[in-house]
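Trainee: Following this line is entry-v5.txt, made up of compact mmCIF, C-alpha atoms and all ligand atoms:
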```
# COMPACT_ATOMS: atom_id res chain seq x y z
CA MET V 1 -22.01 1.88 130.87
CA THR V 2 -18.38 0.82 130.57
CA PRO V 3 -17.57 0.65 126.87
CA PRO V 4 -16.49 -2.77 125.63
CA ILE V 5 -12.93 -3.27 124.41
CA GLN V 6 -12.27 -5.02 121.14
CA SER V 7 -9.54 -7.23 122.57
CA LYS V 8 -6.13 -7.23 120.91
CA LEU V 9 -5.47 -10.56 122.59
CA PRO V 10 -8.79 -12.39 122.46
CA ASN V 11 -7.22 -15.80 123.12
CA VAL V 12 -5.22 -14.80 126.17
CA GLY V 13 -6.31 -15.66 129.72
CA THR V 14 -4.40 -15.59 133.01
CA THR V 15 -0.91 -17.11 132.66
CA ILE V 16 -0.46 -20.67 133.80
CA PHE V 17 2.28 -19.51 136.20
CA THR V 18 -0.16 -17.26 138.04
CA VAL V 19 -2.82 -19.96 138.06
CA MET V 20 -0.54 -22.69 139.41
CA SER V 21 1.21 -20.48 142.00
CA GLY V 22 -2.25 -19.37 143.17
CA LEU V 23 -3.41 -22.98 143.50
CA ALA V 24 -0.16 -23.93 145.27
CA THR V 25 -0.82 -21.25 147.90
CA GLU V 26 -4.51 -22.12 148.23
CA TYR V 27 -3.81 -25.84 148.75
CA ASN V 28 -0.53 -25.35 150.63
CA ALA V 29 1.24 -27.45 148.01
CA VAL V 30 5.00 -27.69 147.40
CA ASN V 31 5.45 -25.30 144.48
CA LEU V 32 7.56 -26.80 141.70
CA GLY V 33 5.49 -24.86 139.15
CA GLN V 34 6.49 -21.25 138.51
CA GLY V 35 10.24 -20.88 137.95
CA PHE V 36 11.93 -19.12 140.86
CA PRO V 37 14.45 -20.11 143.53
CA ASP V 38 13.06 -20.62 147.06
CA TYR V 39 16.43 -19.85 148.70
CA PRO V 40 17.94 -16.46 149.53
CA MET V 41 19.93 -14.41 147.06
CA ASN V 42 23.46 -13.13 147.66
CA HIS V 43 23.57 -10.75 150.65
CA GLU V 44 26.58 -8.85 149.36
CA LEU V 45 24.43 -7.81 146.39
CA THR V 46 21.44 -6.80 148.53
CA GLY V 47 23.93 -4.84 150.67
CA LEU V 48 25.23 -2.99 147.61
CA VAL V 49 21.69 -2.10 146.55
CA ASN V 50 20.84 -0.90 150.08
CA LYS V 51 24.00 1.17 150.05
CA ALA V 52 23.10 2.69 146.67
CA MET V 53 19.74 3.78 148.12
CA GLN V 54 21.41 5.23 151.20
CA ASP V 55 23.97 6.98 149.03
CA ASN V 56 21.09 8.75 147.28
CA TYR V 57 21.05 6.94 143.94
CA ASN V 58 17.29 7.25 143.90
CA GLN V 59 16.44 9.40 140.88
CA TYR V 60 15.94 8.43 137.25
CA ALA V 61 18.77 6.47 135.65
CA PRO V 62 19.72 7.39 132.06
CA MET V 63 17.20 6.03 129.52
CA PRO V 64 19.46 3.21 128.19
CA GLY V 65 20.57 2.23 131.70
CA TRP V 66 23.22 3.11 134.32
CA LEU V 67 26.43 3.42 132.28
CA PRO V 68 28.73 1.51 134.69
CA LEU V 69 26.28 -1.41 134.51
CA ARG V 70 26.29 -1.33 130.71
CA GLU V 71 30.10 -1.21 130.82
CA ALA V 72 30.19 -4.20 133.15
CA ILE V 73 27.87 -6.09 130.76
CA ALA V 74 30.08 -5.26 127.76
CA GLU V 75 33.13 -6.44 129.70
CA LYS V 76 31.36 -9.68 130.59
CA ALA V 77 30.26 -10.28 126.96
CA SER V 78 33.87 -9.83 125.86
CA PHE V 79 35.18 -12.16 128.60
CA LEU V 80 32.59 -14.90 128.01
CA TYR V 81 31.92 -14.74 124.27
CA GLY V 82 34.76 -12.68 122.78
CA SER V 83 32.31 -10.09 121.51
CA ASN V 84 33.02 -6.40 121.13
CA ILE V 85 29.89 -4.60 122.34
CA ASN V 86 29.61 -0.82 122.59
CA PRO V 87 27.98 -0.06 125.97
CA ASP V 88 26.85 3.32 124.74
CA THR V 89 24.95 2.25 121.63
CA GLU V 90 24.39 -1.51 121.82
CA ILE V 91 23.09 -2.30 125.33
CA THR V 92 19.83 -1.25 126.98
CA ILE V 93 18.85 -2.17 130.53
CA THR V 94 15.23 -3.33 130.72
CA PRO V 95 12.73 -4.28 133.41
CA GLY V 96 13.33 -8.00 132.82
CA GLY V 97 13.95 -10.33 129.92
CA THR V 98 10.27 -10.56 128.94
CA TYR V 99 10.14 -6.81 128.37
CA ALA V 100 13.34 -6.95 126.30
CA ILE V 101 11.75 -9.58 124.04
CA TYR V 102 8.50 -7.61 123.73
CA SER V 103 10.39 -4.40 122.89
CA ALA V 104 12.49 -6.17 120.25
CA PHE V 105 9.36 -7.57 118.57
CA THR V 106 7.65 -4.19 118.76
CA ALA V 107 10.69 -2.47 117.22
CA ILE V 108 10.74 -4.70 114.13
CA LEU V 109 7.25 -6.07 113.43
CA GLN V 110 4.75 -4.66 110.94
CA PRO V 111 1.20 -5.99 110.60
CA GLY V 112 1.17 -9.21 108.57
CA ASP V 113 4.83 -10.08 109.22
CA GLU V 114 5.57 -13.69 110.13
CA VAL V 115 7.72 -14.86 113.04
CA ILE V 116 8.93 -18.43 113.41
CA VAL V 117 8.33 -19.72 116.92
CA PHE V 118 9.21 -23.18 118.19
CA GLU V 119 6.64 -24.94 120.36
CA PRO V 120 6.53 -25.62 123.23
CA ALA V 121 7.27 -21.89 123.55
CA TYR V 122 7.60 -19.57 126.52
CA ASP V 123 4.13 -18.20 126.94
CA SER V 124 4.81 -14.53 126.24
CA TYR V 125 6.20 -14.92 122.70
CA ILE V 126 3.03 -15.45 120.69
CA PRO V 127 0.95 -12.74 122.42
CA ASN V 128 3.93 -10.35 121.92
CA ILE V 129 3.86 -11.11 118.20
CA GLU V 130 0.08 -10.92 117.84
CA ILE V 131 -0.32 -7.64 119.71
CA ASN V 132 1.91 -6.16 117.00
CA GLY V 133 -0.46 -7.45 114.29
CA ALA V 134 2.07 -10.06 113.16
CA VAL V 135 1.57 -13.80 112.77
CA ALA V 136 3.32 -16.57 114.71
CA VAL V 137 4.36 -19.47 112.48
CA ARG V 138 4.47 -22.26 115.03
CA LEU V 139 6.87 -25.13 114.41
CA PRO V 140 7.08 -28.13 116.73
CA LEU V 141 10.32 -29.01 118.49
CA VAL V 142 10.92 -32.70 117.95
CA TYR V 143 9.79 -34.80 120.93
CA PRO V 144 11.26 -36.28 123.14
CA ASP V 145 14.57 -34.35 123.05
CA TYR V 146 12.89 -31.21 121.67
CA HIS V 147 15.43 -30.37 118.98
CA ILE V 148 14.80 -27.98 116.08
CA ASP V 149 13.90 -29.48 112.69
CA TRP V 150 15.86 -27.09 110.44
CA ASN V 151 14.44 -28.59 107.23
CA LEU V 152 11.02 -27.60 108.46
CA VAL V 153 12.32 -24.12 109.29
CA GLN V 154 13.73 -23.78 105.76
CA GLN V 155 10.40 -24.87 104.26
CA SER V 156 8.52 -22.38 106.43
CA ILE V 157 10.45 -19.28 105.32
CA THR V 158 8.32 -16.98 103.15
CA PRO V 159 8.84 -13.43 101.88
CA LYS V 160 6.93 -12.32 104.97
CA THR V 161 9.29 -13.99 107.48
CA LYS V 162 10.58 -11.14 109.63
CA ALA V 163 12.17 -13.01 112.54
CA ILE V 164 12.98 -16.30 114.22
CA ILE V 165 12.90 -16.54 118.01
CA ILE V 166 15.38 -18.95 119.59
CA ASN V 167 15.44 -19.86 123.28
CA SER V 168 18.46 -21.79 124.58
CA PRO V 169 18.61 -23.16 127.25
CA HIS V 170 14.96 -23.75 126.64
CA ASN V 171 11.94 -23.21 128.84
CA PRO V 172 10.07 -25.53 129.43
CA THR V 173 12.12 -28.48 128.14
CA GLY V 174 15.74 -27.80 129.15
CA SER V 175 16.96 -28.51 125.59
CA VAL V 176 19.96 -26.54 124.31
CA ILE V 177 21.19 -25.65 120.85
CA GLY V 178 24.61 -26.77 119.60
CA GLU V 179 27.03 -25.86 116.83
CA LYS V 180 24.95 -27.65 114.19
CA ASP V 181 21.98 -25.46 115.06
CA ILE V 182 24.16 -22.37 114.70
CA GLU V 183 25.30 -23.58 111.26
CA ALA V 184 21.71 -24.15 110.18
CA LEU V 185 20.57 -20.77 111.49
CA ARG V 186 23.43 -19.17 109.63
CA ALA V 187 22.60 -20.95 106.36
CA ILE V 188 18.93 -19.99 106.59
CA THR V 189 19.36 -16.32 107.51
CA ALA V 190 22.49 -15.34 105.53
CA GLY V 191 21.67 -12.74 102.90
CA THR V 192 18.05 -12.35 104.10
CA GLY V 193 16.30 -9.58 106.04
CA ILE V 194 15.38 -12.01 108.83
CA PHE V 195 16.05 -10.91 112.41
CA ILE V 196 16.89 -13.23 115.29
CA ILE V 197 15.43 -12.70 118.74
CA SER V 198 17.59 -14.78 121.04
CA ASP V 199 16.16 -15.45 124.49
CA GLU V 200 19.24 -16.30 126.55
CA VAL V 201 17.87 -15.74 130.04
CA TYR V 202 19.26 -19.15 131.12
CA GLU V 203 22.78 -18.52 129.71
CA HIS V 204 24.41 -19.55 133.01
CA LEU V 205 22.10 -22.47 133.71
CA ILE V 206 23.59 -24.96 131.28
CA PHE V 207 24.78 -28.39 132.34
CA ASP V 208 26.96 -31.37 131.42
CA GLY V 209 29.87 -29.16 130.28
CA ILE V 210 27.93 -27.97 127.21
CA PRO V 211 28.99 -24.49 126.08
CA HIS V 212 26.23 -21.89 125.76
CA GLN V 213 25.79 -20.97 122.09
CA SER V 214 25.19 -17.28 122.55
CA MET V 215 24.50 -15.17 119.46
CA LEU V 216 27.16 -12.89 120.98
CA ARG V 217 29.80 -15.41 119.84
CA TYR V 218 28.96 -15.07 116.15
CA PRO V 219 29.37 -11.62 114.56
CA ASP V 220 27.47 -12.67 111.42
CA LEU V 221 24.45 -13.73 113.52
CA LEU V 222 24.76 -10.91 116.03
CA GLU V 223 24.42 -8.34 113.24
CA ARG V 224 20.76 -9.38 112.85
CA SER V 225 20.04 -10.22 116.52
CA PHE V 226 18.38 -8.83 119.60
CA VAL V 227 19.92 -10.87 122.43
CA CYS V 228 17.83 -10.82 125.61
CA PHE V 229 18.98 -11.55 129.17
CA SER V 230 17.50 -11.62 132.70
CA LEU V 231 19.54 -10.49 135.71
CA GLY V 232 16.86 -12.01 137.93
CA LYS V 233 17.89 -15.44 136.66
CA VAL V 234 21.60 -14.80 137.11
CA TYR V 235 21.43 -13.53 140.67
CA ASN V 236 18.50 -15.55 142.11
CA CYS V 237 16.30 -12.48 142.32
CA THR V 238 13.50 -13.00 139.80
CA GLY V 239 11.39 -10.44 141.67
CA TRP V 240 13.79 -7.65 140.81
CA LYS V 241 12.63 -7.83 137.18
CA LEU V 242 15.79 -6.48 135.64
CA GLY V 243 17.36 -7.59 132.38
CA TYR V 244 18.96 -6.22 129.26
CA CYS V 245 19.08 -6.41 125.50
CA ILE V 246 22.18 -6.38 123.32
CA ALA V 247 21.81 -5.53 119.63
CA PRO V 248 23.82 -3.75 116.92
CA ALA V 249 23.54 0.05 117.08
CA PRO V 250 21.00 0.51 114.23
CA LEU V 251 18.69 -2.12 115.76
CA MET V 252 19.21 -0.76 119.26
CA LYS V 253 18.26 2.71 118.06
CA GLU V 254 14.78 1.43 117.13
CA PHE V 255 14.56 -0.69 120.29
CA ARG V 256 15.17 2.43 122.39
CA LYS V 257 12.36 4.29 120.63
CA VAL V 258 9.99 1.66 122.02
CA HIS V 259 11.66 1.56 125.40
CA GLN V 260 11.80 5.32 126.02
CA PHE V 261 8.05 5.74 125.74
CA ASN V 262 7.15 2.59 127.59
CA CYS V 263 9.37 2.40 130.64
CA PHE V 264 11.95 5.12 129.95
CA SER V 265 14.46 3.85 132.52
CA CYS V 266 14.82 1.13 135.15
CA HIS V 267 15.21 1.03 138.92
CA THR V 268 18.36 3.04 139.72
CA PRO V 269 19.67 1.57 143.02
CA VAL V 270 19.46 -1.99 141.69
CA GLN V 271 21.50 -0.96 138.65
CA VAL V 272 24.08 0.81 140.79
CA GLY V 273 24.43 -2.22 143.09
CA LEU V 274 24.66 -4.67 140.20
CA ALA V 275 27.29 -2.60 138.38
CA ALA V 276 29.61 -3.10 141.35
CA PHE V 277 28.66 -6.75 141.91
CA MET V 278 29.04 -7.91 138.30
CA LYS V 279 32.81 -7.67 138.59
CA ASN V 280 32.57 -10.80 140.75
CA ARG V 281 32.81 -13.47 138.03
CA GLU V 282 32.50 -16.35 140.48
CA ALA V 283 28.93 -15.29 141.23
CA TYR V 284 27.79 -16.29 137.75
CA LEU V 285 30.43 -18.85 136.80
CA GLY V 286 29.42 -21.07 139.72
CA LEU V 287 25.74 -21.15 138.80
CA SER V 288 25.80 -24.02 136.32
CA ALA V 289 27.40 -26.44 138.77
CA GLU V 290 25.02 -25.38 141.54
CA MET V 291 21.93 -25.85 139.38
CA GLN V 292 23.21 -29.07 137.78
CA ALA V 293 23.55 -30.55 141.28
CA LYS V 294 19.88 -29.70 141.87
CA ARG V 295 18.85 -31.28 138.58
CA ASP V 296 20.82 -34.43 139.46
CA LEU V 297 19.38 -34.62 142.95
CA PHE V 298 15.82 -34.19 141.68
CA THR V 299 16.33 -36.73 138.86
CA GLU V 300 17.69 -39.27 141.35
CA LEU V 301 14.85 -38.71 143.82
CA MET V 302 12.25 -39.02 141.04
CA LYS V 303 13.51 -42.53 140.19
CA SER V 304 11.42 -43.77 143.11
CA THR V 305 8.23 -42.44 141.45
CA ARG V 306 6.32 -43.60 138.37
CA PHE V 307 7.11 -40.44 136.39
CA ASP V 308 9.27 -40.92 133.28
CA MET V 309 11.91 -38.22 133.33
CA LEU V 310 12.98 -36.53 130.10
CA GLN V 311 16.44 -34.99 129.67
CA SER V 312 17.27 -31.45 130.77
CA HIS V 313 20.58 -29.86 129.77
CA GLY V 314 19.78 -26.40 131.07
CA SER V 315 17.31 -23.90 132.63
CA TYR V 316 15.46 -24.32 135.94
CA PHE V 317 13.28 -27.07 134.52
CA ILE V 318 12.94 -30.75 133.76
CA CYS V 319 9.92 -32.41 132.16
CA ALA V 320 8.41 -35.77 132.94
CA GLY V 321 5.78 -38.02 131.37
CA TYR V 322 3.08 -39.54 133.58
CA ASN V 323 1.57 -42.21 131.34
CA ARG V 324 2.17 -44.85 134.01
CA ILE V 325 0.15 -42.86 136.54
CA SER V 326 -2.82 -41.38 134.72
CA GLU V 327 -4.53 -40.95 131.37
CA GLU V 328 -5.88 -37.51 132.28
CA ALA V 329 -5.11 -34.41 130.20
CA ASP V 330 -2.02 -32.67 131.56
CA LYS V 331 -3.88 -29.61 132.82
CA ALA V 332 -6.48 -31.65 134.70
CA PHE V 333 -3.75 -33.91 136.07
CA SER V 334 -1.58 -31.03 137.28
CA ILE V 335 -4.53 -29.36 139.01
CA ARG V 336 -5.47 -32.64 140.71
CA LEU V 337 -1.82 -33.17 141.66
CA THR V 338 -1.75 -29.77 143.35
CA LYS V 339 -5.02 -30.25 145.20
CA GLU V 340 -4.76 -33.91 146.15
CA ALA V 341 -1.05 -34.79 146.19
CA GLY V 342 0.15 -31.35 147.32
CA VAL V 343 2.68 -30.69 144.53
CA ALA V 344 2.29 -27.89 141.98
CA THR V 345 3.80 -28.27 138.49
CA ILE V 346 3.18 -26.73 135.06
CA PRO V 347 1.33 -28.69 132.32
CA VAL V 348 3.46 -28.46 129.16
CA SER V 349 0.38 -28.05 126.93
CA ALA V 350 0.29 -24.45 128.26
CA PHE V 351 3.33 -23.77 126.08
CA TYR V 352 1.43 -24.65 122.90
CA GLN V 353 -1.00 -22.17 121.39
CA HIS V 354 -3.50 -24.93 120.71
CA GLY V 355 -2.74 -26.90 123.85
CA LYS V 356 -0.97 -29.95 122.32
CA ASP V 357 -0.86 -32.50 125.11
CA ASP V 358 2.03 -35.01 125.19
CA LYS V 359 1.05 -35.87 128.80
CA VAL V 360 4.12 -34.14 130.16
CA LEU V 361 4.55 -31.91 133.23
CA ARG V 362 7.28 -29.35 133.87
CA PHE V 363 9.02 -29.42 137.28
CA CYS V 364 11.12 -26.51 138.57
CA PHE V 365 14.19 -27.78 140.48
CA SER V 366 15.74 -24.41 141.47
CA LYS V 367 14.73 -25.18 145.04
CA ASN V 368 16.24 -26.12 148.40
CA GLN V 369 17.06 -29.82 148.82
CA ASP V 370 14.41 -30.01 151.52
CA THR V 371 11.74 -28.65 149.13
CA LEU V 372 12.65 -31.19 146.44
CA GLU V 373 12.61 -34.03 148.99
CA ARG V 374 9.22 -32.99 150.38
CA ALA V 375 7.79 -32.87 146.86
CA VAL V 376 9.09 -36.32 145.93
CA GLU V 377 7.84 -37.82 149.21
CA LYS V 378 4.37 -36.88 147.99
CA LEU V 379 4.91 -37.94 144.39
CA VAL V 380 6.08 -41.49 145.27
CA ARG V 381 2.60 -42.21 146.60
CA LEU V 382 1.08 -41.85 143.12
N1 LIG N 1 9.66 -17.72 133.69
C1 LIG N 1 8.94 -18.27 134.79
C2 LIG N 1 8.53 -19.69 134.46
O1 LIG N 1 8.65 -20.13 133.34
C3 LIG N 1 7.70 -17.53 135.16
C4 LIG N 1 7.64 -16.10 134.89
C5 LIG N 1 6.23 -15.62 135.07
O2 LIG N 1 5.53 -16.01 135.97
N2 LIG N 1 5.81 -14.82 134.17
O3 LIG N 1 8.08 -20.35 135.34
```
Rewrite the structure from the file as C-alpha cells, please.
Ligand code: GLN
Mentor:
Amino acid sequence: MTPPIQSKLPNVGTTIFTVMSGLATEYNAVNLGQGFPDYPMNHELTGLVNKAMQDNYNQYAPMPGWLPLREAIAEKASFLYGSNINPDTEITITPGGTYAIYSAFTAILQPGDEVIVFEPAYDSYIPNIEINGAVAVRLPLVYPDYHIDWNLVQQSITPKTKAIIINSPHNPTGSVIGEKDIEALRAITAGTGIFIISDEVYEHLIFDGIPHQSMLRYPDLLERSFVCFSLGKVYNCTGWKLGYCIAPAPLMKEFRKVHQFNCFSCHTPVQVGLAAFMKNREAYLGLSAEMQAKRDLFTELMKSTRFDMLQSHGSYFICAGYNRISEEADKAFSIRLTKEAGVATIPVSAFYQHGKDDKVLRFCFSKNQDTLERAVEKLVRL
C-alpha cells in the first residue's frame, strides 16, 4: 500500500492558471487567462542562445550564475536605478522569479514567523510561506484602486513579523507603488529586523510615465531586501523560466545555501545568450510603451461591452467588474465564460486565500491585436 503523506500544503490544489489554460484549450477559447505573450520573442536573442549551444556552452554554469550575465545585470541596475551591486556576491541567477521568491522566503523564515502579504496576492506567496512553517498575515489592498493601507500594516507588525512582500507593478490588479509607499515602508521597517521581499518581475511593464519604485533605488531599503526579477517577462519568453535575485551579500550568502541544494545552477546557453543580448538597452526600454499600447487598445475595445474596467498602471493585466452582466460567483462566471462565450480569464478570488469575491475578472492583454479583437467580439455579446 502506498503510504499516505501528511500534506505540508493541505489547502493547495491545482493553480488557477493551469485550470484556466486547460479549459481554454479544451473549449478552444481565446486565452486571456494565464499571463504570457502570444507573439514571438526577439529572434536575435534566440539566435544568440542557439549560437551558445553550438559553441559548446552546454555544461553546468557556476552556481550563482554565468558571470557575464551577472555583470550585465549589475550594469543595468546601476544604469536604471543608480545602485552599486556586486555581481560576485549580490546577484544569483534563478530558474524564474517564482523560485527566487521561494528561495528568499526559505532562507529567512523560521517556524512561527509572520509575513505580511497583501491580497489579492500572486498565488505562490502564501504556500511558499506556509511550507516553511511560517504564517501569512493577509492584509487587503484597498478596492477599487488596490493601494496599500499603511496604517493597517503598522498595526499588524508584531515581534514575530519577519518580512513584508511587496509586488509592484502588481499581479493581478496592475496597481503600482509610489514615493509615499516607499516613505511608509521606510518608516515601518527602519531599525527593525524585518526583511522585504520585493517582487519586481513587471519592472519594465509600467505605464503612464510612472517611474518604477525599485528597492534597488533606496540603499536603506535594499539593505534588508531580496529583490526578485523574471527574464521571461522582460524578453517575452516566459517558458524559459529564468530570473534572478539581488540582495546584500550577507543575505545572498544564505539565499545561495538554499539555491545550491535545490537547483544548483541554471540553463547555461540561455545565460550565455542573454549576457550578450542585455547590452541592448532598447530591448527593455521599449517594453512599457509597447505594453501600454496593448492596454489602451484593450481598454478601448472593452468599452463596447458591459464589463466595468478598473485601472491598470502596469503588468500584463487589467481587471474588470461584471455586475452588469451576471450575479454569479467569479469562478463560476469565468468557467462559463470560457465554455460558452469562448474567452478564458482568471477569477480574482483565486488571489485570496479565502476566496474573497469582488465579482472581478483578470484579463491578460499581452497579446496580438487580433487576439484581443477576437476576444472582445465574443464579450460584446454578453
Ligand atoms: N504569472 C502568470 C500569471 O499570473 C502565470 C504563471 C503560472 O502559470 N504559474 O498568469
Trainee: Excluding same-chain residues fewer than 5 positions from Ile129 in chain V, what lies within 10 Å of it counting only C-alpha atoms, as a ChimeraX atom specification?
Mentor: /V:101-102,105-106,109-111,113-115,117,124,134-136
Trainee: How would the residues just chosen look if you wrote them out with C-alpha atoms as a PDB file, in the coordinates of the input?
Mentor:
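Heads up, here's the output in result_33.pdb:
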```
ATOM      1  CA  ILE V 101      11.750  -9.580 124.040  1.00  0.00           C
ATOM      2  CA  TYR V 102       8.500  -7.610 123.730  1.00  0.00           C
ATOM      3  CA  PHE V 105       9.360  -7.570 118.570  1.00  0.00           C
ATOM      4  CA  THR V 106       7.650  -4.190 118.760  1.00  0.00           C
ATOM      5  CA  LEU V 109       7.250  -6.070 113.430  1.00  0.00           C
ATOM      6  CA  GLN V 110       4.750  -4.660 110.940  1.00  0.00           C
ATOM      7  CA  PRO V 111       1.200  -5.990 110.600  1.00  0.00           C
ATOM      8  CA  ASP V 113       4.830 -10.080 109.220  1.00  0.00           C
ATOM      9  CA  GLU V 114       5.570 -13.690 110.130  1.00  0.00           C
ATOM     10  CA  VAL V 115       7.720 -14.860 113.040  1.00  0.00           C
ATOM     11  CA  VAL V 117       8.330 -19.720 116.920  1.00  0.00           C
ATOM     12  CA  SER V 124       4.810 -14.530 126.240  1.00  0.00           C
ATOM     13  CA  ALA V 134       2.070 -10.060 113.160  1.00  0.00           C
ATOM     14  CA  VAL V 135       1.570 -13.800 112.770  1.00  0.00           C
ATOM     15  CA  ALA V 136       3.320 -16.570 114.710  1.00  0.00           C
TER      16      ALA V 136
END
```
Trainee: Once 4 Å is added on each side, what are the centre and the three edge lengths, in Å to one decimal, of the axis-aligned box enclosing the listed atoms of ligand LIG 1 (chain N)? Present them as lines of an AutoDock Vina configuration file.
Mentor:
```
center_x = 7.6
center_y = -17.6
center_z = 134.7
size_x = 12.1
size_y = 13.5
size_z = 10.6
```
Trainee: Residues at most 10 Å from Val49 in chain V, counting all atoms listed in the file, excluding those fewer than 6 positions away in the same chain, as a PyMOL selection string?
Mentor: chain V and resi 43+55+57+268-277
Trainee: What do you get as a ChimeraX atom specification if you pick all residues at most 7 Å from ligand LIG 1 (chain N), counting all atoms listed in the file?
Mentor: /V:17-18,33-36,122,171-172
Trainee: With only C-alpha atoms as the basis for distance, which of V:Ile93, V:Ala187, V:Val30, V:Ala320 is at the shortest distance from Leu337 in chain V?
Mentor: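 Smallest separation from Leu337 in chain V among the options: V:Val30.
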Trainee: With only C-alpha atoms as the counted atoms, please give the residues lying no more than 10 Å from Tyr60 in chain V, apart from itself and same-chain residues fewer than 6 positions off, as a list in words.
Mentor: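 Residues near the query, excluding close chain neighbours: Trp66, Phe264, Ser265, Cys266, His267, Thr268 and Pro269 of chain V.
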Trainee: Have a look at V:Lys233, V:His147, V:Lys76, V:Lys253 and name the one nearest to Thr89 in chain V; count all atoms listed in the file.
Mentor: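 Selected residue with least distance to Thr89 in chain V: V:Lys253.
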Trainee: Which distance in Å separates CA of Pro37 in chain V and CA of Val348 in chain V, to one decimal?
Mentor: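 For CA of Pro37 in chain V relative to CA of Val348 in chain V, the distance reads 19.9 Å.
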Trainee: Out of V:Thr305, V:Asn128, V:Thr338, V:Ser103, which residue has the shortest atom-to-atom distance to Phe255 in chain V when counting only C-alpha atoms?
Mentor: V:Ser103
Trainee: Pick the closest to Tyr39 in chain V from V:Ala332, V:Cys237, V:Ala52, V:Ala289: which is it, counting all atoms listed in the file?
Mentor: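 The closest residue to Tyr39 in chain V is V:Cys237.
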Trainee: For a test of reading the model, state the distance in Å between CA of Gly243 in chain V and CA of Ala283 in chain V, rounded to one decimal.
Mentor: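 The value is 16.5 Å.
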Trainee: Can you work out the spacing between CA of Glu119 in chain V and CA of Leu141 in chain V in Å, to one decimal?
Mentor: 5.8 Å
Trainee: V:Phe229, V:Tyr99, V:Phe195, V:Tyr235: which is nearest Ile165 in chain V, counting only C-alpha atoms?
Mentor: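 When distances to Ile165 in chain V are compared using only C-alpha atoms, the smallest one comes from V:Phe195.
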Trainee: Gly355 in chain V: which residues within 10 Å, counting all atoms listed in the file, same-chain residues fewer than 5 positions away excluded, as a list of chain:residue names?
Mentor: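 Returned residues: V:Pro120, V:Asp330, V:Lys331, V:Pro347, V:Val348, V:Ser349, V:Ala350.
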Trainee: Show which residues sit within 12 Å of Ile182 in chain V, as number ranges by chain. Count all atoms listed in the file, and ignore same-chain residues fewer than 5 positions away.
Mentor: V: 148, 150, 166, 168, 176-177, 187-190, 196, 198, 212-222
Trainee: Kindly indicate which residue among V:Leu310, V:Leu251, V:Ala100, V:Met302 lies nearest to Leu382 in chain V, using all atoms listed in the file for the distances.
Mentor: V:Met302
Trainee: Tell me which residues come within 12 Å of (13.4, -30.0, 151.0), as a PDB file with C-alpha atoms, in the frame of the given file, counting only C-alpha atoms in the file's coordinates.
Mentor:
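Output saved as result09.pdb:
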```
ATOM      1  CA  VAL V  30       5.000 -27.690 147.400  1.00  0.00           C
ATOM      2  CA  ASN V  31       5.450 -25.300 144.480  1.00  0.00           C
ATOM      3  CA  LEU V  32       7.560 -26.800 141.700  1.00  0.00           C
ATOM      4  CA  ASP V  38      13.060 -20.620 147.060  1.00  0.00           C
ATOM      5  CA  TYR V  39      16.430 -19.850 148.700  1.00  0.00           C
ATOM      6  CA  LYS V 294      19.880 -29.700 141.870  1.00  0.00           C
ATOM      7  CA  LEU V 297      19.380 -34.620 142.950  1.00  0.00           C
ATOM      8  CA  PHE V 298      15.820 -34.190 141.680  1.00  0.00           C
ATOM      9  CA  LEU V 301      14.850 -38.710 143.820  1.00  0.00           C
ATOM     10  CA  PHE V 365      14.190 -27.780 140.480  1.00  0.00           C
ATOM     11  CA  SER V 366      15.740 -24.410 141.470  1.00  0.00           C
ATOM     12  CA  LYS V 367      14.730 -25.180 145.040  1.00  0.00           C
ATOM     13  CA  ASN V 368      16.240 -26.120 148.400  1.00  0.00           C
ATOM     14  CA  GLN V 369      17.060 -29.820 148.820  1.00  0.00           C
ATOM     15  CA  ASP V 370      14.410 -30.010 151.520  1.00  0.00           C
ATOM     16  CA  THR V 371      11.740 -28.650 149.130  1.00  0.00           C
ATOM     17  CA  LEU V 372      12.650 -31.190 146.440  1.00  0.00           C
ATOM     18  CA  GLU V 373      12.610 -34.030 148.990  1.00  0.00           C
ATOM     19  CA  ARG V 374       9.220 -32.990 150.380  1.00  0.00           C
ATOM     20  CA  ALA V 375       7.790 -32.870 146.860  1.00  0.00           C
ATOM     21  CA  VAL V 376       9.090 -36.320 145.930  1.00  0.00           C
ATOM     22  CA  GLU V 377       7.840 -37.820 149.210  1.00  0.00           C
ATOM     23  CA  LYS V 378       4.370 -36.880 147.990  1.00  0.00           C
TER      24      LYS V 378
END
```
